[in-house]
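Student: Just one file: my_file.txt, with compact mmCIF, C-alpha atoms.
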# COMPACT_ATOMS: atom_id res chain seq x y z
CA MET A 1 7.68 -23.31 -35.12
CA LEU A 2 10.12 -20.50 -34.38
CA ASP A 3 8.63 -17.02 -34.33
CA VAL A 4 11.38 -15.47 -36.44
CA SER A 5 9.98 -11.95 -36.22
CA PHE A 6 10.07 -12.10 -32.43
CA ALA A 7 13.61 -13.52 -32.47
CA ARG A 8 14.77 -10.78 -34.85
CA SER A 9 13.25 -8.12 -32.60
CA GLN A 10 15.81 -9.08 -29.95
CA PHE A 11 18.77 -8.14 -32.21
CA PRO A 12 19.04 -4.35 -32.47
CA ALA A 13 21.44 -4.45 -35.43
CA LEU A 14 18.71 -5.96 -37.62
CA ALA A 15 16.64 -2.78 -37.18
CA LEU A 16 19.41 -0.57 -38.60
CA PRO A 17 19.00 0.77 -42.16
CA ALA A 18 22.08 -1.10 -43.38
CA TYR A 19 20.51 -4.45 -42.51
CA GLU A 20 17.44 -3.57 -44.55
CA ARG A 21 19.68 -3.20 -47.62
CA GLY A 22 21.54 -6.45 -47.11
CA SER A 23 21.31 -9.93 -45.61
CA PHE A 24 24.00 -11.12 -43.20
CA PHE A 25 25.45 -14.42 -44.39
CA GLU A 26 28.72 -14.40 -42.48
CA ASN A 27 27.49 -15.58 -39.10
CA ALA A 28 30.12 -18.34 -38.91
CA GLY A 29 32.66 -15.56 -38.38
CA GLY A 30 30.67 -14.10 -35.50
CA SER A 31 26.97 -13.63 -34.81
CA LEU A 32 25.11 -10.45 -33.97
CA ALA A 33 24.68 -9.64 -30.27
CA CYS A 34 21.23 -9.86 -28.73
CA THR A 35 19.91 -6.86 -26.83
CA GLN A 36 20.35 -8.67 -23.51
CA THR A 37 24.11 -8.96 -24.12
CA ILE A 38 24.41 -5.33 -25.17
CA ASP A 39 22.44 -4.12 -22.15
CA ALA A 40 24.51 -6.25 -19.75
CA LEU A 41 27.78 -4.87 -21.08
CA GLN A 42 26.53 -1.30 -20.89
CA ARG A 43 25.24 -1.85 -17.37
CA TYR A 44 28.59 -3.25 -16.20
CA TYR A 45 30.60 -0.38 -17.63
CA LEU A 46 28.16 2.18 -16.26
CA GLU A 47 27.55 0.78 -12.77
CA THR A 48 30.32 -1.67 -11.82
CA LYS A 49 33.53 -0.84 -13.73
CA VAL A 50 35.69 -1.54 -10.67
CA GLN A 51 37.74 -4.44 -9.37
CA PRO A 52 35.21 -7.17 -8.45
CA TYR A 53 34.82 -9.15 -5.22
CA ALA A 54 35.59 -6.37 -2.73
CA GLY A 55 33.24 -5.45 0.10
CA TYR A 56 31.75 -2.25 -1.30
CA GLY A 57 28.56 -2.15 -3.35
CA PRO A 58 29.59 -1.87 -7.03
CA SER A 59 32.49 -4.29 -6.50
CA ALA A 60 30.31 -6.89 -4.82
CA ILE A 61 27.67 -6.58 -7.55
CA ALA A 62 30.36 -7.02 -10.23
CA GLY A 63 31.61 -10.23 -8.61
CA GLU A 64 28.09 -11.57 -8.23
CA ALA A 65 27.44 -10.94 -11.92
CA MET A 66 30.58 -12.84 -12.91
CA ASP A 67 29.67 -15.76 -10.66
CA ASP A 68 26.12 -15.72 -11.97
CA SER A 69 27.35 -16.06 -15.58
CA ARG A 70 29.31 -19.15 -14.60
CA ARG A 71 26.36 -20.69 -12.73
CA ARG A 72 23.90 -20.01 -15.53
CA TRP A 73 26.10 -21.36 -18.29
CA ALA A 74 26.76 -24.46 -16.19
CA GLU A 75 23.03 -25.07 -15.88
CA ALA A 76 22.42 -24.42 -19.58
CA LEU A 77 25.12 -26.93 -20.57
CA GLY A 78 24.18 -29.56 -17.97
CA VAL A 79 27.42 -29.34 -15.99
CA THR A 80 28.59 -27.85 -12.66
CA PRO A 81 29.97 -24.32 -12.12
CA ASP A 82 33.41 -25.69 -11.23
CA GLU A 83 33.56 -27.26 -14.70
CA VAL A 84 33.09 -23.93 -16.54
CA GLN A 85 36.07 -21.75 -17.44
CA PHE A 86 36.14 -18.44 -19.31
CA GLY A 87 39.09 -17.30 -21.42
CA PRO A 88 39.92 -14.57 -23.92
CA SER A 89 38.99 -16.74 -26.92
CA THR A 90 38.63 -20.37 -27.93
CA SER A 91 41.90 -20.11 -29.85
CA MET A 92 43.70 -19.03 -26.67
CA ASN A 93 41.88 -21.62 -24.56
CA ALA A 94 42.98 -24.30 -27.03
CA TYR A 95 46.56 -23.00 -26.97
CA VAL A 96 46.77 -23.07 -23.17
CA LEU A 97 45.17 -26.50 -23.13
CA ALA A 98 47.78 -27.75 -25.60
CA GLN A 99 50.57 -26.50 -23.33
CA ALA A 100 49.04 -28.40 -20.45
CA PHE A 101 48.72 -31.62 -22.41
CA ALA A 102 52.27 -31.33 -23.73
CA ALA A 103 53.59 -31.66 -20.19
CA SER A 104 51.78 -34.98 -19.76
CA LEU A 105 52.70 -36.53 -23.13
CA GLY A 106 55.87 -38.31 -24.12
CA PRO A 107 57.36 -40.85 -26.51
CA GLY A 108 55.09 -43.86 -26.89
CA ASP A 109 51.92 -41.80 -26.43
CA GLU A 110 49.58 -41.27 -29.37
CA VAL A 111 47.24 -38.35 -30.10
CA VAL A 112 44.50 -38.41 -32.74
CA VAL A 113 43.62 -35.17 -34.50
CA THR A 114 41.43 -34.45 -37.53
CA ASN A 115 42.02 -32.46 -40.68
CA GLN A 116 38.46 -31.12 -40.32
CA ASP A 117 39.33 -28.74 -37.48
CA HIS A 118 39.83 -24.98 -37.46
CA GLU A 119 43.60 -24.39 -37.57
CA ALA A 120 43.67 -22.39 -34.33
CA ASN A 121 42.61 -25.52 -32.48
CA THR A 122 44.28 -28.37 -34.35
CA GLY A 123 47.53 -26.44 -34.89
CA ALA A 124 48.14 -25.87 -31.20
CA ILE A 125 47.80 -29.51 -30.21
CA ARG A 126 49.82 -30.70 -33.22
CA ARG A 127 52.74 -28.52 -32.18
CA ALA A 128 52.42 -29.68 -28.58
CA VAL A 129 52.53 -33.33 -29.62
CA GLU A 130 55.60 -32.70 -31.72
CA ARG A 131 57.39 -30.96 -28.83
CA ALA A 132 56.55 -33.81 -26.47
CA GLY A 133 57.93 -36.44 -28.85
CA ALA A 134 54.59 -38.25 -28.98
CA THR A 135 53.03 -39.75 -32.10
CA LEU A 136 50.41 -37.84 -34.07
CA ARG A 137 47.74 -39.82 -35.89
CA GLU A 138 45.38 -38.00 -38.26
CA TRP A 139 41.71 -38.85 -38.53
CA ARG A 140 41.20 -37.74 -42.12
CA THR A 141 37.97 -36.73 -43.77
CA GLU A 142 36.48 -38.58 -46.70
CA PRO A 143 37.95 -36.88 -49.80
CA ILE A 144 34.64 -36.25 -51.58
CA THR A 145 32.24 -35.39 -48.75
CA GLY A 146 34.62 -33.93 -46.19
CA LEU A 147 32.91 -36.01 -43.49
CA LEU A 148 34.54 -37.92 -40.64
CA SER A 149 33.92 -41.67 -40.34
CA LEU A 150 33.69 -43.27 -36.91
CA ASP A 151 35.00 -46.51 -38.43
CA VAL A 152 38.20 -44.71 -39.37
CA LEU A 153 38.51 -43.37 -35.83
CA ALA A 154 38.06 -46.84 -34.38
CA ASP A 155 40.94 -48.11 -36.52
CA LEU A 156 43.20 -45.29 -35.31
CA LEU A 157 42.63 -45.93 -31.61
CA GLY A 158 44.73 -48.26 -29.54
CA PRO A 159 46.22 -48.86 -26.09
CA ARG A 160 48.69 -46.00 -26.54
CA THR A 161 46.07 -43.40 -27.48
CA ARG A 162 46.02 -40.67 -24.85
CA LEU A 163 43.95 -37.98 -26.51
CA VAL A 164 41.48 -37.41 -29.36
CA THR A 165 40.52 -33.94 -30.60
CA MET A 166 37.65 -33.26 -32.99
CA PRO A 167 35.12 -30.60 -34.04
CA HIS A 168 31.43 -30.89 -33.19
CA ALA A 169 30.92 -29.42 -36.67
CA SER A 170 33.25 -28.10 -39.34
CA ASN A 171 33.26 -24.42 -40.29
CA ILE A 172 33.34 -25.48 -43.96
CA VAL A 173 31.48 -28.79 -44.22
CA GLY A 174 28.75 -27.85 -41.74
CA GLN A 175 27.60 -31.34 -40.80
CA GLU A 176 27.30 -32.15 -37.09
CA ASN A 177 29.66 -34.91 -35.98
CA ASP A 178 28.56 -37.61 -33.54
CA VAL A 179 30.65 -36.50 -30.58
CA ALA A 180 28.98 -38.86 -28.10
CA ALA A 181 29.83 -41.89 -30.26
CA ALA A 182 33.42 -40.70 -30.71
CA VAL A 183 33.73 -40.17 -26.95
CA ALA A 184 32.56 -43.72 -26.32
CA LEU A 185 35.23 -45.06 -28.68
CA ALA A 186 37.95 -42.92 -27.11
CA HIS A 187 36.97 -43.80 -23.55
CA GLY A 188 36.90 -47.44 -24.58
CA VAL A 189 40.69 -47.38 -24.95
CA GLY A 190 41.25 -45.09 -21.96
CA ALA A 191 41.77 -41.91 -23.99
CA ARG A 192 40.43 -38.42 -23.35
CA LEU A 193 38.44 -36.45 -25.94
CA VAL A 194 38.40 -32.71 -26.60
CA ALA A 195 35.46 -31.41 -28.67
CA ASP A 196 35.53 -28.04 -30.41
CA GLY A 197 31.97 -26.70 -30.47
CA VAL A 198 32.68 -23.31 -32.07
CA SER A 199 30.85 -24.07 -35.32
CA TYR A 200 28.03 -26.03 -33.68
CA THR A 201 26.91 -23.97 -30.69
CA PRO A 202 25.47 -21.03 -32.68
CA HIS A 203 22.85 -23.57 -33.75
CA GLY A 204 22.16 -25.17 -30.38
CA PHE A 205 23.48 -25.30 -26.84
CA PRO A 206 24.33 -28.97 -26.18
CA ASP A 207 23.98 -31.05 -23.06
CA VAL A 208 27.72 -31.37 -22.56
CA ALA A 209 27.34 -33.91 -19.78
CA ALA A 210 25.34 -36.15 -22.12
CA LEU A 211 28.01 -35.86 -24.81
CA ASP A 212 30.52 -36.89 -22.11
CA ALA A 213 33.41 -35.06 -23.80
CA ASP A 214 36.21 -34.50 -21.32
CA ILE A 215 36.68 -30.96 -22.61
CA TYR A 216 34.21 -28.93 -24.68
CA LEU A 217 35.14 -25.50 -26.05
CA PHE A 218 33.22 -22.80 -27.91
CA SER A 219 33.21 -19.07 -28.63
CA LEU A 220 30.60 -16.91 -26.95
CA TYR A 221 30.82 -14.21 -29.61
CA LYS A 222 29.41 -16.70 -32.09
CA THR A 223 26.49 -17.45 -29.78
CA TYR A 224 25.03 -13.91 -29.60
CA SER A 225 27.19 -13.05 -26.60
CA VAL A 226 30.53 -11.43 -25.74
CA HIS A 227 33.96 -11.95 -27.28
CA GLN A 228 35.16 -14.65 -24.89
CA GLY A 229 35.82 -18.36 -25.04
CA LEU A 230 34.02 -20.82 -22.80
CA MET A 231 35.62 -24.16 -21.91
CA VAL A 232 34.06 -27.02 -19.97
CA THR A 233 36.48 -29.42 -18.27
CA ARG A 234 34.98 -32.65 -16.96
CA ASN A 235 35.60 -36.19 -15.73
CA GLY A 236 38.48 -35.22 -13.45
CA ILE A 237 40.71 -34.14 -16.31
CA LEU A 238 41.92 -31.06 -14.44
CA ASP A 239 43.59 -33.38 -11.94
CA GLU A 240 45.68 -34.82 -14.78
CA LEU A 241 46.89 -31.51 -16.20
CA PRO A 242 49.47 -29.17 -14.66
CA ASN A 243 48.33 -25.75 -13.50
CA GLN A 244 48.71 -23.09 -16.21
CA GLY A 245 47.58 -20.16 -14.07
CA HIS A 246 49.07 -18.23 -11.19
CA VAL A 247 50.57 -20.44 -8.47
CA PHE A 248 48.19 -19.13 -5.82
CA ASN A 249 45.19 -20.07 -8.01
CA ALA A 250 46.22 -23.70 -8.52
CA ALA A 251 43.45 -24.99 -6.25
CA LEU A 252 40.72 -23.08 -8.10
CA PRO A 253 39.24 -25.11 -10.98
CA SER A 254 38.05 -22.01 -12.84
CA LYS A 255 41.58 -20.56 -12.95
CA ARG A 256 43.89 -23.54 -13.55
CA LEU A 257 43.78 -23.16 -17.35
CA THR A 258 43.47 -19.36 -17.39
CA PRO A 259 46.94 -17.76 -17.16
CA ALA A 260 45.61 -14.19 -17.45
CA GLY A 261 42.87 -12.57 -15.44
CA PRO A 262 39.40 -12.43 -16.98
CA ASP A 263 37.81 -9.53 -18.79
CA HIS A 264 35.48 -8.67 -15.94
CA ALA A 265 32.82 -6.93 -18.01
CA GLN A 266 32.61 -9.66 -20.62
CA GLU A 267 32.52 -12.44 -18.06
CA ALA A 268 29.77 -10.64 -16.14
CA ALA A 269 27.77 -10.14 -19.37
CA ALA A 270 28.42 -13.64 -20.73
CA GLY A 271 25.29 -15.12 -19.20
CA ALA A 272 22.94 -12.44 -20.53
CA VAL A 273 22.34 -14.37 -23.75
CA LEU A 274 20.68 -17.00 -21.58
CA ASP A 275 18.11 -14.35 -20.61
CA TYR A 276 17.33 -14.22 -24.33
CA VAL A 277 17.05 -18.02 -24.46
CA GLU A 278 14.63 -18.00 -21.54
CA LEU A 279 12.59 -15.18 -23.12
CA LEU A 280 12.37 -17.09 -26.40
CA HIS A 281 11.41 -20.24 -24.52
CA ARG A 282 8.57 -18.47 -22.67
CA HIS A 283 7.40 -16.84 -25.90
CA HIS A 284 6.99 -20.35 -27.36
CA GLY A 285 5.04 -21.74 -24.40
CA GLY A 286 7.74 -22.56 -21.88
CA THR A 287 7.66 -21.57 -18.23
CA PRO A 288 10.31 -20.15 -15.86
CA ASP A 289 10.08 -23.37 -13.83
CA ASP A 290 11.46 -25.41 -16.73
CA GLY A 291 15.05 -24.45 -15.93
CA LEU A 292 17.86 -23.38 -18.20
CA ARG A 293 18.85 -26.84 -19.45
CA ALA A 294 15.30 -27.59 -20.59
CA ALA A 295 14.90 -24.10 -22.03
CA SER A 296 18.19 -24.42 -23.91
CA ALA A 297 17.19 -27.80 -25.34
CA ALA A 298 13.76 -26.54 -26.43
CA VAL A 299 15.11 -23.34 -28.00
CA SER A 300 17.90 -25.26 -29.72
CA ALA A 301 15.29 -27.52 -31.30
CA LEU A 302 13.38 -24.46 -32.54
CA TRP A 303 16.55 -22.94 -33.99
CA GLN A 304 17.55 -26.13 -35.76
CA ALA A 305 14.12 -26.82 -37.25
CA HIS A 306 14.07 -23.30 -38.69
CA GLU A 307 17.62 -23.63 -40.01
CA THR A 308 16.82 -26.97 -41.64
CA ALA A 309 13.90 -25.43 -43.51
CA LEU A 310 16.11 -22.59 -44.74
CA VAL A 311 19.14 -24.64 -45.72
CA ALA A 312 17.21 -27.13 -47.87
CA PRO A 313 16.52 -24.85 -50.89
CA VAL A 314 20.06 -23.45 -50.82
CA LEU A 315 21.65 -26.90 -50.82
CA ALA A 316 19.27 -28.01 -53.58
CA TRP A 317 20.14 -25.01 -55.74
CA LEU A 318 23.89 -25.35 -55.31
CA ALA A 319 23.82 -29.13 -55.80
CA SER A 320 22.03 -28.66 -59.15
CA CYS A 321 24.22 -25.79 -60.38
CA PRO A 322 26.82 -27.08 -62.88
CA SER A 323 29.11 -24.08 -62.39
CA VAL A 324 29.93 -24.80 -58.73
CA ARG A 325 31.10 -27.63 -56.50
CA LEU A 326 29.16 -27.83 -53.25
CA LEU A 327 31.34 -28.93 -50.35
CA GLY A 328 29.93 -31.20 -47.68
CA PRO A 329 26.67 -33.15 -47.76
CA GLY A 330 23.99 -32.20 -50.26
CA PRO A 331 20.24 -32.05 -49.67
CA ALA A 332 19.82 -35.83 -49.61
CA ASP A 333 22.92 -36.69 -47.58
CA THR A 334 22.65 -34.79 -44.31
CA GLY A 335 21.64 -37.77 -42.15
CA PRO A 336 19.99 -37.70 -38.70
CA LEU A 337 22.33 -35.15 -37.12
CA HIS A 338 21.99 -31.42 -37.71
CA ARG A 339 23.26 -30.00 -40.98
CA CYS A 340 24.39 -26.61 -39.69
CA PRO A 341 23.67 -23.81 -42.18
CA THR A 342 27.33 -23.22 -42.98
CA VAL A 343 27.51 -23.76 -46.73
CA ALA A 344 30.69 -23.55 -48.79
CA PHE A 345 31.14 -23.93 -52.52
CA VAL A 346 33.87 -23.60 -55.15
CA PRO A 347 33.09 -21.88 -58.48
CA ARG A 348 34.43 -24.10 -61.25
CA ASP A 349 35.55 -21.36 -63.65
CA ARG A 350 35.76 -18.21 -61.55
CA GLU A 351 37.66 -16.92 -58.55
CA PRO A 352 35.79 -17.33 -55.24
CA ALA A 353 36.63 -13.76 -54.24
CA GLU A 354 35.09 -12.45 -57.47
CA VAL A 355 31.87 -14.40 -56.92
CA ALA A 356 31.67 -13.26 -53.29
CA ALA A 357 32.09 -9.63 -54.37
CA GLU A 358 29.25 -9.95 -56.86
CA LEU A 359 27.00 -11.49 -54.21
CA VAL A 360 27.83 -8.66 -51.83
CA ALA A 361 26.91 -6.15 -54.53
CA ARG A 362 23.48 -7.79 -54.61
CA GLY A 363 22.96 -7.51 -50.87
CA VAL A 364 24.27 -10.94 -49.82
CA TRP A 365 26.90 -10.22 -47.19
CA CYS A 366 29.44 -13.04 -47.43
CA SER A 367 33.12 -13.49 -48.19
CA ALA A 368 35.66 -15.88 -49.68
CA GLY A 369 38.82 -17.47 -48.29
CA HIS A 370 40.03 -20.53 -46.42
CA PHE A 371 38.51 -19.42 -43.08
CA TYR A 372 41.34 -21.03 -41.08
CA ALA A 373 40.21 -24.41 -42.46
CA TYR A 374 43.36 -24.89 -44.51
CA ARG A 375 43.64 -28.63 -43.89
CA VAL A 376 39.94 -29.22 -44.55
CA LEU A 377 40.26 -27.72 -48.01
CA GLN A 378 43.44 -29.62 -48.75
CA GLY A 379 41.63 -32.84 -47.84
CA LEU A 380 38.87 -31.92 -50.30
CA ASP A 381 41.42 -31.17 -53.05
CA VAL A 382 40.63 -27.46 -52.95
CA ASP A 383 43.42 -24.90 -53.17
CA PRO A 384 43.31 -23.11 -49.79
CA GLU A 385 44.93 -20.02 -51.26
CA GLN A 386 42.02 -19.66 -53.67
CA GLY A 387 39.58 -20.67 -50.97
CA VAL A 388 35.83 -21.03 -51.19
CA VAL A 389 32.72 -18.89 -51.05
CA ARG A 390 31.08 -19.42 -47.66
CA LEU A 391 27.49 -18.64 -46.71
CA SER A 392 26.45 -19.02 -43.09
CA TRP A 393 23.33 -18.16 -41.19
CA VAL A 394 21.54 -18.76 -37.91
CA HIS A 395 18.05 -18.73 -36.46
CA TYR A 396 17.41 -15.01 -36.92
CA THR A 397 17.88 -15.37 -40.68
CA SER A 398 14.53 -15.05 -42.43
CA MET A 399 13.04 -16.68 -45.50
CA ALA A 400 13.25 -13.25 -47.14
CA ASP A 401 17.03 -13.40 -46.63
CA ILE A 402 17.11 -16.83 -48.28
CA GLU A 403 15.05 -15.57 -51.21
CA ARG A 404 17.49 -12.69 -51.66
CA LEU A 405 20.35 -15.20 -51.60
CA LEU A 406 18.76 -17.53 -54.16
CA THR A 407 18.02 -14.62 -56.49
CA ALA A 408 21.59 -13.39 -56.22
CA LEU A 409 23.03 -16.88 -56.81
CA ALA A 410 20.96 -17.23 -59.97
CA GLN A 411 22.12 -13.84 -61.23
CA VAL A 412 25.80 -14.41 -60.46
CA LEU A 413 26.16 -18.12 -61.25
CA GLY A 414 23.31 -18.67 -63.68
Written as structure tokens, that's how I'd like the structure from this file.
Tutor:
Amino acid sequence: MLDVSFARSQFPALALPAYERGSFFENAGGSLACTQTIDALQRYYLETKVQPYAGYGPSAIAGEAMDDSRRRWAEALGVTPDEVQFGPSTSMNAYVLAQAFAASLGPGDEVVVTNQDHEANTGAIRRAVERAGATLREWRTEPITGLLSLDVLADLLGPRTRLVTMPHASNIVGQENDVAAAVALAHGVGARLVADGVSYTPHGFPDVAALDADIYLFSLYKTYSVHQGLMVTRNGILDELPNQGHVFNAALPSKRLTPAGPDHAQEAAAGAVLDYVELLHRHHGGTPDDGLRAASAAVSALWQAHETALVAPVLAWLASCPSVRLLGPGPADTGPLHRCPTVAFVPRDREPAEVAAELVARGVWCSAGHFYAYRVLQGLDVDPEQGVVRLSWVHYTSMADIERLLTALAQVLG
């Protein structure tokens, strides 16, 4: 069982007076930073704010810290350092990736996208496919649940399919998708698969090699770290894509899909969150000899068990409330994969923004909108301009936070 008090002690923001007066339920927009991340950033700016990789002390230390982040994240995700790339954000990583794919697509090629994706990711590849003159095929969600069916994907695939893109979890629906099964289907017809892990990784660091996705992307600022995007490129896919970086960096795997130079401080501090993961692992009986992949798997299991316990009463309350429509699976429909605690609902007779404001007034920090999931809401027959109320939390959320939420929901929605 996760020691929530210990986990919370590693997030300095939670000790501030403001966080005693309210509960943070907007984690899907960006999580709080752990103390290890904050300390690493401060240390870089204080001690090594110079150009890295030169021969003098602070410069050499800066370069070592950047390399160490890459090595540690590779171990945590079960891949090699050459397969890890940092970029300014997942949205920008996805945009650059789309430019690269556009150069290799043409008439007769087919690309499968979903309407469950965040627009920053699906929009870039859709535009690239259109420019290349290829055919776009949409893997649509089920209109009531918002879930993706693997049977539907199988029917969309064929000998002309070159690429499939999908989310590991939706930032509205919240249910984990079976990426490994989708990869197997895509690879079965010779296609590549790109998985967007932005809405999943705050709830667990996956074994990316086991998923076997050709590309896996996520945002570090949503995983208690710095405001950067991390992208894993595997299975030789870099050899198929044209270089998007500087010409003299074309032979460097970590720079081929990074047109601009890195933010040195953020890249150097990116691995510090893994110090937190190791600390949490040791606190729950693990040892330093276990390694980062094992520690990440064990801590992810702790996070998800805690989140499952907290999401159950919220889903049950919303599913039984006649004045709202709960989006995504309810308490009895989550299945064997993780139901991430990203919960969206539509008030039947009130504006979402009004309901969100009333929840905020009661100490439940959330908001309303479409959250860049415009197509998801359209597929669920929800007006994106009106949007939804979204509640999202992670492992440092306490049962006291959930009790505050349930009290506020009862007061606002009856």
Student: Compile the contact shell of A:Val364 as a ChimeraX atom specification: residues with an atom at most 8 Å away, counting all atoms listed in the file, same-chain residues fewer than 3 positions apart removed.
Tutor: /A:22-25,359-361,404-405,408
Student: Those same residues, written as a PDB file, in the coordinates of the input with C-alpha atoms?
Tutor:
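Printed below is selection.pdb as written:
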ATOM      1  CA  GLY A  22      21.540  -6.450 -47.110  1.00  0.00           C
ATOM      2  CA  SER A  23      21.310  -9.930 -45.610  1.00  0.00           C
ATOM      3  CA  PHE A  24      24.000 -11.120 -43.200  1.00  0.00           C
ATOM      4  CA  PHE A  25      25.450 -14.420 -44.390  1.00  0.00           C
ATOM      5  CA  LEU A 359      27.000 -11.490 -54.210  1.00  0.00           C
ATOM      6  CA  VAL A 360      27.830  -8.660 -51.830  1.00  0.00           C
ATOM      7  CA  ALA A 361      26.910  -6.150 -54.530  1.00  0.00           C
ATOM      8  CA  ARG A 404      17.490 -12.690 -51.660  1.00  0.00           C
ATOM      9  CA  LEU A 405      20.350 -15.200 -51.600  1.00  0.00           C
ATOM     10  CA  ALA A 408      21.590 -13.390 -56.220  1.00  0.00           C
TER      11      ALA A 408
END
Student: For stretch 41-50 of chain A, list every protein, DNA or RNA residue within 8 Å, evaluated using all atoms listed in the file, and leave out those in the same chain fewer than 6 positions away; present the list as a ChimeraX atom specification.
Tutor: /A:58-59,61-62,265-266,268-269
Student: Could you give me, as a PDB file with C-alpha atoms, in the frame of the given file, the residues within 6 Å of stretch 367-377 of chain A, counting all atoms listed in the file and dropping anything in the same chain fewer than 5 positions from it?
Tutor:
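Result file is result.pdb:
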ATOM      1  CA  ASN A 115      42.020 -32.460 -40.680  1.00  0.00           C
ATOM      2  CA  GLN A 116      38.460 -31.120 -40.320  1.00  0.00           C
ATOM      3  CA  HIS A 118      39.830 -24.980 -37.460  1.00  0.00           C
ATOM      4  CA  GLU A 119      43.600 -24.390 -37.570  1.00  0.00           C
ATOM      5  CA  PRO A 352      35.790 -17.330 -55.240  1.00  0.00           C
ATOM      6  CA  ALA A 353      36.630 -13.760 -54.240  1.00  0.00           C
ATOM      7  CA  ALA A 356      31.670 -13.260 -53.290  1.00  0.00           C
ATOM      8  CA  VAL A 382      40.630 -27.460 -52.950  1.00  0.00           C
ATOM      9  CA  PRO A 384      43.310 -23.110 -49.790  1.00  0.00           C
ATOM     10  CA  GLY A 387      39.580 -20.670 -50.970  1.00  0.00           C
ATOM     11  CA  VAL A 388      35.830 -21.030 -51.190  1.00  0.00           C
ATOM     12  CA  VAL A 389      32.720 -18.890 -51.050  1.00  0.00           C
TER      13      VAL A 389
END
Student: Taking all atoms listed in the file into account, name the residue in A:Tyr276, A:Phe101, A:Trp393, A:Trp139 that is nearest to A:Ile237.
Tutor: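 Among the listed residues, the smallest separation from A:Ile237 belongs to A:Phe101.
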Student: If I wrap all listed atoms of stretch 269-285 of chain A in a box with edges along x, y and z and add 5 Å on each side, what are its centre and edge lengths in Å to one decimal, as AutoDock Vina command-line options?
Tutor:
--center_x 16.7 --center_y -15.9 --center_z -23.3 --size_x 33.4 --size_y 21.6 --size_z 18.2
Student: Using all atoms listed in the file, can you tell me which of A:Tyr19, A:Phe6, A:Phe345, A:Phe205 comes closest to A:Gly78?
Tutor: A:Phe205
Student: Between A:Pro107, A:Gly330, A:Gly271, A:Pro202, single out the one closest to A:Leu136, counting all atoms listed in the file.
Tutor: A:Pro107
Student: Give me, as JSON lines, each residue of stretch 198-230 of chain A that comes within 10 Å of stretch 67-76 of chain A, together with its shortest interatomic pair and the distance in Å at one decimal, counting all atoms listed in the file, with rows ordered by chain and rising residue number.
Tutor:
{"residue": "A:Phe205", "atom": "CA", "partner": "A:Ala76", "partner_atom": "CA", "distance": 7.4}
{"residue": "A:Pro206", "atom": "CA", "partner": "A:Ala76", "partner_atom": "CA", "distance": 8.2}
{"residue": "A:Asp207", "atom": "CA", "partner": "A:Ala76", "partner_atom": "CA", "distance": 7.6}
{"residue": "A:Val208", "atom": "CA", "partner": "A:Ala76", "partner_atom": "CA", "distance": 9.2}
{"residue": "A:Leu230", "atom": "CA", "partner": "A:Trp73", "partner_atom": "CA", "distance": 9.1}
Student: Could you tell me how far atom CA of A:Leu279 lies from atom CA of A:Tyr200, in Å and to one decimal?
Tutor: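 Those two atoms sit 21.6 Å apart.
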Student: With only C-alpha atoms as the basis for distance, which of A:Leu193, A:Ile125, A:Leu163, A:Cys34 is at the shortest distance from A:Ala7?
Tutor: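 Going through A:Leu193, A:Ile125, A:Leu163, A:Cys34 one by one, the smallest distance to A:Ala7 is for A:Cys34.
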Student: May I ask for the distance between atom CA of A:Ser254 and atom CA of A:Pro52, given in Å to one decimal place?
Tutor: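 We find that atom CA of A:Ser254 and atom CA of A:Pro52 lie 15.7 Å from each other.
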Student: Taking 5 positions as the minimum chain separation for residues in the same chain, which residues sit within 7 Å of A:Thr342 when counting only C-alpha atoms? Answer as a PDB file with C-alpha atoms, in the coordinates of the input.
Tutor:
ATOM      1  CA  ALA A  28      30.120 -18.340 -38.910  1.00  0.00           C
ATOM      2  CA  ASN A 171      33.260 -24.420 -40.290  1.00  0.00           C
ATOM      3  CA  ILE A 172      33.340 -25.480 -43.960  1.00  0.00           C
ATOM      4  CA  GLY A 174      28.750 -27.850 -41.740  1.00  0.00           C
ATOM      5  CA  LEU A 391      27.490 -18.640 -46.710  1.00  0.00           C
ATOM      6  CA  SER A 392      26.450 -19.020 -43.090  1.00  0.00           C
ATOM      7  CA  TRP A 393      23.330 -18.160 -41.190  1.00  0.00           C
TER       8      TRP A 393
END
Student: Pick out the closest residue to A:Glu354 from this set: A:Ala295, A:Val412, A:Ala251, A:Met231. Count all atoms listed in the file.
Tutor: A:Val412
Student: Please list, as number ranges by chain, the residues that have an atom at most 12 Å away from (17.1, -19.3, -33.3) in the coordinates of this file, counting only C-alpha atoms.
Tutor: A: 1-11, 31-32, 34, 201-205, 223-224, 273, 276-277, 279-281, 284, 296-308, 310, 341, 393-398
Student: State, in Å with one decimal place, the distance from atom CA of A:Ala319 to atom CA of A:Gln175.
Tutor: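 Separating atom CA of A:Ala319 from atom CA of A:Gln175 is a distance of 15.6 Å.
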Student: Under the rule that only C-alpha atoms are counted, which of A:Asn243, A:Ser149, A:Ser225, A:Asn27 is the nearest residue to A:Met166?
Tutor: A:Ser149
Student: Mind checking which residues fall within 10 Å of A:Gly188, counting all atoms listed in the file, ignoring those fewer than 6 positions away in the same chain, and posting them as a PyMOL selection string?
Tutor: chain A and resi 154+157-159+182
Student: May I have the protein, DNA and RNA residues with any atom at most 7 Å from the point (47.2, -22.0, -29.3), counting all atoms listed in the file, written as a PyMOL selection string?
Tutor: chain A and resi 91-92+94-96+98+120-121+124
